[in-house]
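K.L.:
Pasting protein-v5.tsv here (TSV, C-alpha atoms):
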```
chain	number	residue	atom	x	y	z
F	1	MET	CA	358.58	193.54	130.58
F	2	VAL	CA	357.37	192.56	127.11
F	3	GLU	CA	354.93	194.99	125.63
F	4	ALA	CA	351.84	193.77	123.82
F	5	GLN	CA	351.91	194.35	120.11
F	6	SER	CA	349.09	195.06	117.65
F	7	TRP	CA	348.68	195.63	113.91
F	8	THR	CA	347.50	199.03	112.69
F	9	THR	CA	346.76	200.04	109.12
F	10	ARG	CA	346.66	203.30	107.23
F	11	ARG	CA	344.79	203.98	104.04
F	12	ALA	CA	346.87	203.09	100.95
F	13	SER	CA	349.67	201.72	103.12
F	14	ASN	CA	350.92	198.40	104.42
F	15	PRO	CA	350.07	197.30	107.96
F	16	ARG	CA	352.49	198.49	110.61
F	17	LEU	CA	353.33	196.78	113.88
F	18	GLU	CA	352.67	199.07	116.79
F	19	THR	CA	353.44	198.61	120.43
F	20	THR	CA	351.00	199.41	123.20
F	21	THR	CA	351.16	199.33	126.93
F	22	ASP	CA	347.76	197.68	127.32
F	23	HIS	CA	348.16	194.02	128.15
F	24	GLN	CA	345.38	192.63	125.99
F	25	VAL	CA	344.98	188.86	126.00
F	26	LEU	CA	342.97	187.07	123.35
F	27	ASP	CA	341.28	183.98	124.78
F	28	ILE	CA	341.12	181.19	122.23
F	29	PRO	CA	338.92	178.27	123.34
F	30	VAL	CA	340.63	174.91	123.52
F	31	THR	CA	339.36	172.36	121.01
F	32	PRO	CA	337.78	169.56	123.07
F	33	THR	CA	339.17	166.08	122.66
F	34	ALA	CA	337.00	163.07	121.83
F	35	GLU	CA	337.02	162.02	125.48
F	36	ILE	CA	335.85	165.45	126.64
F	37	LYS	CA	333.11	165.45	123.99
F	38	HIS	CA	331.94	162.02	125.18
F	39	GLN	CA	331.87	163.24	128.81
F	40	GLN	CA	329.93	166.34	127.76
F	41	GLN	CA	327.39	164.21	125.90
F	42	GLN	CA	327.00	161.95	128.92
F	43	GLY	CA	326.65	164.95	131.18
F	44	SER	CA	324.01	166.53	128.95
F	45	SER	CA	322.04	163.29	128.70
F	46	LEU	CA	319.18	162.96	131.14
F	47	ILE	CA	319.69	159.20	131.48
F	48	SER	CA	323.05	157.49	131.86
F	49	PRO	CA	323.90	154.61	129.46
F	50	ASN	CA	323.65	152.05	132.28
F	51	MET	CA	320.26	153.38	133.33
F	52	LEU	CA	319.08	153.34	129.70
F	53	THR	CA	320.15	149.71	129.29
F	54	ALA	CA	318.39	148.77	132.54
F	55	LEU	CA	315.19	150.47	131.35
F	56	ILE	CA	315.36	148.65	128.01
F	57	ILE	CA	315.82	145.27	129.74
F	58	ALA	CA	312.92	146.06	132.09
F	59	SER	CA	310.78	146.99	129.07
F	60	TRP	CA	311.76	143.73	127.41
F	61	TYR	CA	310.59	141.75	130.45
F	62	LEU	CA	307.38	143.74	130.78
F	63	SER	CA	306.45	143.37	127.10
F	64	ASN	CA	307.30	139.65	126.88
F	65	ILE	CA	305.48	138.74	130.07
F	66	GLY	CA	302.71	141.27	129.41
F	67	VAL	CA	301.74	139.80	126.04
F	68	LEU	CA	301.58	136.31	127.57
F	69	LEU	CA	299.35	137.45	130.42
F	70	LEU	CA	297.09	139.50	128.13
F	71	ASN	CA	296.73	136.59	125.71
F	72	LYS	CA	295.90	134.26	128.59
F	73	TYR	CA	293.38	136.69	130.05
F	74	LEU	CA	291.63	137.29	126.72
F	75	LEU	CA	291.55	133.66	125.57
F	76	SER	CA	290.80	131.93	128.89
F	77	PHE	CA	289.26	134.32	131.38
F	78	TYR	CA	287.63	137.03	129.27
F	79	GLY	CA	285.99	134.51	126.96
F	80	TYR	CA	287.46	135.76	123.67
F	81	ARG	CA	288.14	132.32	122.17
F	82	TYR	CA	289.55	133.33	118.78
F	83	PRO	CA	293.31	132.74	118.81
F	84	ILE	CA	293.72	132.90	115.02
F	85	PHE	CA	291.94	136.25	114.73
F	86	LEU	CA	293.88	137.55	117.73
F	87	THR	CA	297.13	136.50	116.05
F	88	MET	CA	296.04	138.27	112.85
F	89	LEU	CA	295.48	141.46	114.87
F	90	HIS	CA	299.01	141.06	116.23
F	91	MET	CA	300.38	140.82	112.69
F	92	ILE	CA	298.46	143.88	111.49
F	93	SER	CA	299.65	145.83	114.51
F	94	CYS	CA	303.28	144.80	113.98
F	95	ALA	CA	303.08	145.75	110.30
F	96	PHE	CA	301.69	149.21	111.14
F	97	TYR	CA	304.14	149.97	113.95
F	98	SER	CA	307.08	148.62	111.92
F	99	PHE	CA	306.18	150.95	109.05
F	100	VAL	CA	306.04	153.94	111.41
F	101	ALA	CA	309.29	152.99	113.16
F	102	ILE	CA	311.27	152.44	109.95
F	103	LYS	CA	309.79	154.89	107.43
F	104	TRP	CA	308.97	157.79	109.76
F	105	LEU	CA	311.11	157.43	112.90
F	106	GLU	CA	313.98	155.79	110.94
F	107	ILE	CA	315.18	153.65	113.85
F	108	VAL	CA	316.90	151.43	111.27
F	109	PRO	CA	317.62	151.97	107.55
F	110	PHE	CA	314.85	150.80	105.23
F	111	GLN	CA	315.72	147.75	103.12
F	112	GLN	CA	313.86	146.67	100.00
F	113	ILE	CA	313.12	143.21	98.62
F	114	HIS	CA	315.34	142.84	95.57
F	115	SER	CA	314.02	139.72	93.87
F	116	ARG	CA	311.04	137.41	93.55
F	117	LYS	CA	313.17	134.63	95.02
F	118	GLN	CA	313.79	136.68	98.16
F	119	PHE	CA	310.07	137.48	98.36
F	120	PHE	CA	309.08	133.80	98.38
F	121	LYS	CA	311.74	133.03	100.98
F	122	ILE	CA	310.23	135.65	103.28
F	123	LEU	CA	306.76	134.28	102.49
F	124	ALA	CA	307.89	130.82	103.61
F	125	LEU	CA	309.22	132.26	106.86
F	126	SER	CA	305.91	134.10	107.34
F	127	ALA	CA	303.98	130.82	107.05
F	128	ILE	CA	306.18	129.17	109.69
F	129	PHE	CA	305.87	132.28	111.86
F	130	CYS	CA	302.06	132.11	111.58
F	131	PHE	CA	302.00	128.46	112.56
F	132	SER	CA	304.20	129.07	115.61
F	133	VAL	CA	302.28	132.08	116.94
F	134	VAL	CA	298.82	130.60	116.34
F	135	CYS	CA	299.80	127.36	118.10
F	136	GLY	CA	301.23	129.34	121.01
F	137	ASN	CA	298.14	131.49	121.43
F	138	THR	CA	295.85	128.46	121.06
F	139	SER	CA	297.75	126.58	123.76
F	140	LEU	CA	297.09	129.43	126.20
F	141	ARG	CA	293.37	128.64	125.97
F	142	TYR	CA	293.99	125.24	127.55
F	143	LEU	CA	297.23	125.47	129.55
F	144	PRO	CA	298.43	127.74	132.35
F	145	VAL	CA	301.17	130.21	131.39
F	146	SER	CA	303.64	128.49	133.73
F	147	PHE	CA	303.34	125.13	131.93
F	148	ASN	CA	303.28	126.87	128.55
F	149	GLN	CA	306.61	128.53	129.35
F	150	ALA	CA	308.09	125.27	130.56
F	151	ILE	CA	307.32	123.69	127.19
F	152	GLY	CA	308.62	126.77	125.36
F	153	ALA	CA	311.96	126.39	127.12
F	154	THR	CA	312.61	123.23	125.10
F	155	THR	CA	313.27	125.28	121.94
F	156	PRO	CA	317.00	124.30	121.88
F	157	PHE	CA	316.01	120.62	121.66
F	158	PHE	CA	313.92	121.21	118.52
F	159	THR	CA	316.54	123.58	117.08
F	160	ALA	CA	319.21	120.85	117.34
F	161	ILE	CA	316.87	118.31	115.69
F	162	PHE	CA	315.92	120.58	112.77
F	163	ALA	CA	319.52	121.71	112.28
F	164	PHE	CA	320.58	118.07	111.96
F	165	VAL	CA	317.67	117.00	109.73
F	166	ILE	CA	317.63	120.03	107.42
F	167	THR	CA	321.27	121.12	107.28
F	168	CYS	CA	322.98	117.90	108.50
F	169	LYS	CA	324.72	120.03	111.13
F	170	LYS	CA	326.14	117.92	113.94
F	171	GLU	CA	326.81	119.30	117.39
F	172	SER	CA	329.37	118.09	119.90
F	173	ALA	CA	328.55	115.30	122.34
F	174	GLU	CA	328.53	117.87	125.16
F	175	VAL	CA	325.78	119.88	123.41
F	176	TYR	CA	323.59	116.81	122.85
F	177	LEU	CA	324.17	115.68	126.43
F	178	ALA	CA	322.95	119.06	127.70
F	179	LEU	CA	319.62	118.46	125.95
F	180	VAL	CA	318.86	115.47	128.18
F	181	PRO	CA	317.78	117.55	131.21
F	182	VAL	CA	315.78	119.83	128.87
F	183	VAL	CA	313.59	116.89	127.82
F	184	LEU	CA	313.65	115.18	131.22
F	185	GLY	CA	312.37	118.32	132.94
F	186	ILE	CA	309.37	118.58	130.61
F	187	VAL	CA	308.55	114.91	131.15
F	188	LEU	CA	308.52	115.50	134.93
F	189	ALA	CA	306.48	118.71	134.61
F	190	SER	CA	303.94	117.12	132.24
F	191	ASN	CA	303.31	114.10	134.45
F	192	SER	CA	302.63	116.30	137.47
F	193	GLU	CA	300.75	119.22	135.85
F	194	PRO	CA	297.30	119.48	137.52
F	195	LEU	CA	295.79	121.35	134.53
F	196	PHE	CA	297.33	119.18	131.82
F	197	HIS	CA	295.40	119.24	128.53
F	198	LEU	CA	296.57	117.05	125.67
F	199	PHE	CA	295.47	119.34	122.83
F	200	GLY	CA	296.95	122.38	124.57
F	201	PHE	CA	300.17	120.43	125.17
F	202	LEU	CA	300.41	119.49	121.47
F	203	MET	CA	299.76	123.12	120.47
F	204	ALA	CA	302.52	124.33	122.79
F	205	LEU	CA	304.89	121.74	121.33
F	206	GLY	CA	303.91	122.87	117.82
F	207	SER	CA	304.61	126.49	118.73
F	208	THR	CA	308.01	125.62	120.18
F	209	ALA	CA	308.92	123.47	117.18
F	210	GLY	CA	307.76	126.27	114.84
F	211	ARG	CA	310.05	128.80	116.52
F	212	ALA	CA	312.98	126.43	116.20
F	213	LEU	CA	312.16	125.65	112.58
F	214	LYS	CA	311.91	129.35	111.70
F	215	SER	CA	315.36	130.09	113.15
F	216	VAL	CA	316.93	127.21	111.21
F	217	VAL	CA	315.14	128.01	107.94
F	218	GLN	CA	315.89	131.73	108.29
F	219	GLY	CA	319.59	130.98	108.63
F	220	LEU	CA	319.37	128.72	105.59
F	221	LEU	CA	317.32	130.95	103.26
F	222	LEU	CA	318.61	134.45	103.95
F	223	THR	CA	322.32	133.65	103.79
F	224	SER	CA	323.72	136.02	101.16
F	225	GLU	CA	324.49	139.64	102.02
F	226	ALA	CA	322.08	140.82	99.31
F	227	GLU	CA	319.16	138.88	100.84
F	228	ARG	CA	319.94	139.31	104.52
F	229	LEU	CA	317.52	141.72	106.19
F	230	HIS	CA	317.67	143.53	109.49
F	231	SER	CA	315.31	141.97	112.03
F	232	MET	CA	313.05	145.04	112.03
F	233	ASN	CA	312.85	145.09	108.22
F	234	LEU	CA	312.14	141.37	108.18
F	235	LEU	CA	309.29	141.97	110.62
F	236	LEU	CA	307.98	144.74	108.36
F	237	TYR	CA	307.68	142.32	105.42
F	238	MET	CA	306.69	139.15	107.30
F	239	THR	CA	303.77	140.50	109.31
F	240	PRO	CA	301.51	141.70	106.44
F	241	MET	CA	302.19	138.42	104.63
F	242	ALA	CA	301.28	136.55	107.81
F	243	ALA	CA	298.05	138.55	108.18
F	244	VAL	CA	297.02	137.65	104.62
F	245	ILE	CA	297.82	133.97	105.29
F	246	LEU	CA	295.74	133.96	108.48
F	247	LEU	CA	292.67	135.71	107.05
F	248	PRO	CA	291.09	132.69	105.27
F	249	PHE	CA	291.86	130.43	108.25
F	250	THR	CA	290.18	132.70	110.78
F	251	LEU	CA	287.12	133.10	108.52
F	252	TYR	CA	286.83	129.34	107.91
F	253	ILE	CA	287.67	128.02	111.39
F	254	GLU	CA	286.43	130.79	113.66
F	255	GLY	CA	283.38	131.81	111.62
F	256	ASN	CA	282.00	135.33	111.66
F	257	VAL	CA	284.58	136.48	114.18
F	258	THR	CA	284.48	140.13	113.10
F	259	ALA	CA	280.75	140.44	113.87
F	260	VAL	CA	281.24	138.67	117.20
F	261	THR	CA	284.06	141.05	118.10
F	262	VAL	CA	281.93	144.08	117.22
F	263	GLU	CA	279.07	142.77	119.39
F	264	LYS	CA	281.48	142.21	122.32
F	265	VAL	CA	282.78	145.76	121.92
F	266	LYS	CA	279.20	147.14	122.03
F	267	VAL	CA	278.52	145.26	125.25
F	268	ASP	CA	281.87	146.05	126.87
F	269	GLY	CA	283.90	149.03	125.65
F	270	PHE	CA	286.89	147.79	127.68
F	271	MET	CA	287.29	145.14	124.98
F	272	VAL	CA	288.68	147.80	122.60
F	273	PHE	CA	291.38	148.75	125.09
F	274	LEU	CA	292.29	145.09	125.67
F	275	LEU	CA	292.68	144.33	121.96
F	276	ILE	CA	294.66	147.50	121.20
F	277	ALA	CA	296.89	147.03	124.24
F	278	ASN	CA	297.43	143.37	123.39
F	279	ALA	CA	298.34	144.12	119.76
F	280	THR	CA	300.63	147.00	120.78
F	281	VAL	CA	302.51	144.94	123.36
F	282	ALA	CA	302.93	142.20	120.74
F	283	TYR	CA	304.91	144.70	118.65
F	284	LEU	CA	306.87	145.95	121.66
F	285	VAL	CA	308.15	142.39	122.16
F	286	ASN	CA	309.89	142.59	118.78
F	287	LEU	CA	311.06	146.18	119.28
F	288	THR	CA	312.60	145.48	122.68
F	289	ASN	CA	314.27	142.33	121.30
F	290	PHE	CA	316.06	144.60	118.82
F	291	LEU	CA	316.90	147.26	121.45
F	292	VAL	CA	318.30	144.74	123.94
F	293	THR	CA	320.54	143.24	121.25
F	294	LYS	CA	321.63	146.73	120.14
F	295	HIS	CA	322.51	147.99	123.63
F	296	THR	CA	323.92	144.71	124.99
F	297	SER	CA	324.48	141.63	122.82
F	298	ALA	CA	322.72	138.60	121.34
F	299	LEU	CA	324.17	136.51	124.18
F	300	THR	CA	322.55	138.79	126.77
F	301	LEU	CA	319.22	138.39	125.00
F	302	GLN	CA	319.65	134.62	125.16
F	303	VAL	CA	320.40	134.72	128.90
F	304	LEU	CA	317.42	137.01	129.51
F	305	GLY	CA	315.24	134.60	127.54
F	306	ASN	CA	316.28	131.74	129.80
F	307	ALA	CA	315.33	133.74	132.88
F	308	LYS	CA	312.13	135.11	131.30
F	309	ALA	CA	310.43	131.71	131.27
F	310	ALA	CA	310.90	131.34	135.02
F	311	VAL	CA	309.82	134.93	135.77
F	312	ALA	CA	306.73	134.61	133.57
F	313	ALA	CA	305.78	131.34	135.27
F	314	VAL	CA	306.05	132.87	138.75
F	315	VAL	CA	304.11	136.01	137.78
F	316	SER	CA	301.33	134.01	136.12
F	317	VAL	CA	300.92	131.77	139.18
F	318	LEU	CA	300.66	134.86	141.40
F	319	ILE	CA	298.06	136.50	139.13
F	320	PHE	CA	295.94	133.57	137.90
F	321	ARG	CA	296.42	131.35	140.99
F	322	ASN	CA	296.75	128.16	138.93
F	323	PRO	CA	297.78	125.17	141.05
F	324	VAL	CA	301.38	123.95	140.90
F	325	THR	CA	303.10	120.91	142.36
F	326	MET	CA	306.57	120.41	143.75
F	327	MET	CA	307.31	117.88	141.00
F	328	GLY	CA	306.15	120.36	138.37
F	329	MET	CA	308.41	123.10	139.74
F	330	THR	CA	311.29	120.63	139.89
F	331	GLY	CA	310.73	119.64	136.27
F	332	PHE	CA	310.64	123.28	135.19
F	333	ALA	CA	313.88	123.97	137.09
F	334	VAL	CA	315.56	120.96	135.47
F	335	THR	CA	314.52	122.18	132.02
F	336	ILE	CA	315.87	125.70	132.65
F	337	MET	CA	319.12	124.21	133.98
F	338	GLY	CA	319.40	122.12	130.81
F	339	VAL	CA	318.87	125.21	128.65
F	340	VAL	CA	321.67	127.03	130.49
F	341	LEU	CA	323.98	124.03	130.11
F	342	TYR	CA	323.09	123.87	126.41
F	343	SER	CA	323.97	127.55	125.93
F	344	GLU	CA	327.31	127.12	127.68
F	345	ALA	CA	328.11	123.98	125.67
F	346	LYS	CA	327.29	125.81	122.42
F	347	LYS	CA	329.64	128.66	123.36
F	348	ARG	CA	332.47	126.26	124.15
F	349	SER	CA	331.94	124.35	120.90
F	350	LYS	CA	332.12	127.60	118.90
F	351	VAL	CA	335.35	128.61	120.66
F	352	THR	CA	336.84	125.18	119.93
F	353	ALA	CA	335.77	125.38	116.28
F	354	HIS	CA	337.57	128.74	115.87
```
Could you express the structure from this file as structure tokens?
P.N.:
Amino acid sequence: MVEAQSWTTRRASNPRLETTTDHQVLDIPVTPTAEIKHQQQQGSSLISPNMLTALIIASWYLSNIGVLLLNKYLLSFYGYRYPIFLTMLHMISCAFYSFVAIKWLEIVPFQQIHSRKQFFKILALSAIFCFSVVCGNTSLRYLPVSFNQAIGATTPFFTAIFAFVITCKKESAEVYLALVPVVLGIVLASNSEPLFHLFGFLMALGSTAGRALKSVVQGLLLTSEAERLHSMNLLLYMTPMAAVILLPFTLYIEGNVTAVTVEKVKVDGFMVFLLIANATVAYLVNLTNFLVTKHTSALTLQVLGNAKAAVAAVVSVLIFRNPVTMMGMTGFAVTIMGVVLYSEAKKRSKVTAH
């Protein structure tokens, strides 16, 4: 039997090895591997990664559909007919929440504007952003959410047009062919929409074209690494610029809207909750866009966007009871199918190019 050994020391002497009959064992903890650490972190987390991703996707759907329904309720049913002022409130809210999220909560690193040239590029994007959001909110005064979403699904068509006109970028024949059902579906839906309104239709088209134009111009202007901003930082800079742009328009077109809003709040205190909730959800749309991309991918966000239009249309019909026709539903379905075909064609063309 091997005896346990220990070191003993005497004053003014060297240590001496001494044997003892006590079998003392020193337990040294094993250094955990990276895999064990990952399992421990997962075990200590209250929510699994899959559950967290599912909650983020659900929040994305709720915020995107929620802001549409709240806008529709305020502008059409509640009688608050000031889409420009409402959009300005959205911009102020997004600016405030973005500042809190980036400067205080530090969800993404803060990025600064480095040049006057970069500032004016962001200002140009803010103007396009204003135009798109104001047109979209205005269209909700005159059109049901279901038809509004059907028109919004045609964004790829306008994106392809602007990309060709502005950047001379040509797509493959397969991509252009996929746009045919996108346009055909809207033609069918428009001809059979019971609540069709020409001005509302033109506003919805303007909003859709504005979104497409912003994506093309953004890719064109903020190309260098020095000028490229994270989406949350870009929102932080764009929204206060957009609010300043909208201020003279709301005062000139919508009159003394601030006094009217104050009077409505005095009559009905619920108005305050509606406006705050509406402005908050408008920011959550942008936040959940970022979170979905972070926890999944940009492709997943695109797929969710394709499905969102259909889900929003169904939910709005159930809530607002607006009439729909079989031809209108068919047209909407054809448009969504065209958008899916367009996405698949774009993926194949990128693979072929590489």
K.L.:
Go through F:Leu105, F:Leu222, F:Val292, F:Val175 and flag the residue nearest Lys347 in chain F, using all atoms listed in the file for the distances.
P.N.:
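Among the listed residues, F:Val175 lies closest to Lys347 in chain F.
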K.L.:
Tyr97 in chain F: which residues within 10 Å, counting only C-alpha atoms, same-chain residues fewer than 3 positions away excluded, as a short mmCIF file (atom, residue, chain, number, x, y, z; two decimals) with C-alpha atoms, in the coordinates of the input?
P.N.:
```cif
data_model
loop_
_atom_site.label_atom_id
_atom_site.label_comp_id
_atom_site.auth_asym_id
_atom_site.auth_seq_id
_atom_site.Cartn_x
_atom_site.Cartn_y
_atom_site.Cartn_z
CA MET F 91 300.38 140.82 112.69
CA ILE F 92 298.46 143.88 111.49
CA SER F 93 299.65 145.83 114.51
CA CYS F 94 303.28 144.80 113.98
CA VAL F 100 306.04 153.94 111.41
CA ALA F 101 309.29 152.99 113.16
CA ILE F 102 311.27 152.44 109.95
CA LYS F 103 309.79 154.89 107.43
CA LEU F 236 307.98 144.74 108.36
CA THR F 280 300.63 147.00 120.78
CA TYR F 283 304.91 144.70 118.65
CA LEU F 284 306.87 145.95 121.66
CA LEU F 287 311.06 146.18 119.28
#
```
K.L.:
Fewer than 5 positions away in the same chain doesn't count, so skip those; otherwise give me all residues within 6 Å of Thr335 in chain F, counting only C-alpha atoms, as a VMD selection string.
P.N.:
chain F and resid 181 to 182 185
K.L.:
Rank F:Pro109, F:Gly328, F:Gly269, F:Pro248 by their smallest atom-to-atom distance to His230 in chain F, using all atoms listed in the file, and report the top residue only.
P.N.:
F:Pro109
K.L.:
CA of Ile245 in chain F and CA of Gly152 in chain F are how many Å apart?
P.N.:
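Result for CA of Ile245 in chain F versus CA of Gly152 in chain F: 23.9 Å, one decimal.
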K.L.:
Mind running range 235-329 of chain F against range 193-212 of chain F at 12 Å and telling me each contacting residue's nearest atom pair with the distance in Å (one decimal), counting all atoms listed in the file, chain and number ascending, as a tab-separated table?
P.N.:
```
residue	atom	partner	partner_atom	distance
F:Arg321	CA	F:Leu195	CA	11.9
F:Asn322	CA	F:Leu195	CA	8.2
F:Pro323	CA	F:Pro194	CA	6.7
F:Val324	CA	F:Pro194	CA	6.9
F:Thr325	CA	F:Glu193	CA	7.1
F:Met326	CA	F:Glu193	CA	9.9
F:Met327	CA	F:Glu193	CA	8.4
F:Gly328	CA	F:Glu193	CA	6.1
F:Met329	CA	F:Glu193	CA	9.4
```
K.L.:
When you count all atoms listed in the file, which of these residues is closest to Arg228 in chain F: F:Phe147, F:Phe157, F:Phe119, F:Phe249?
P.N.:
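Counting all atoms listed in the file, the residue closest to Arg228 in chain F is F:Phe119.
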K.L.:
Pick the closest to Ala173 in chain F from F:Phe290, F:Lys346, F:Phe273, F:Val108: which is it, counting only C-alpha atoms?
P.N.:
F:Lys346
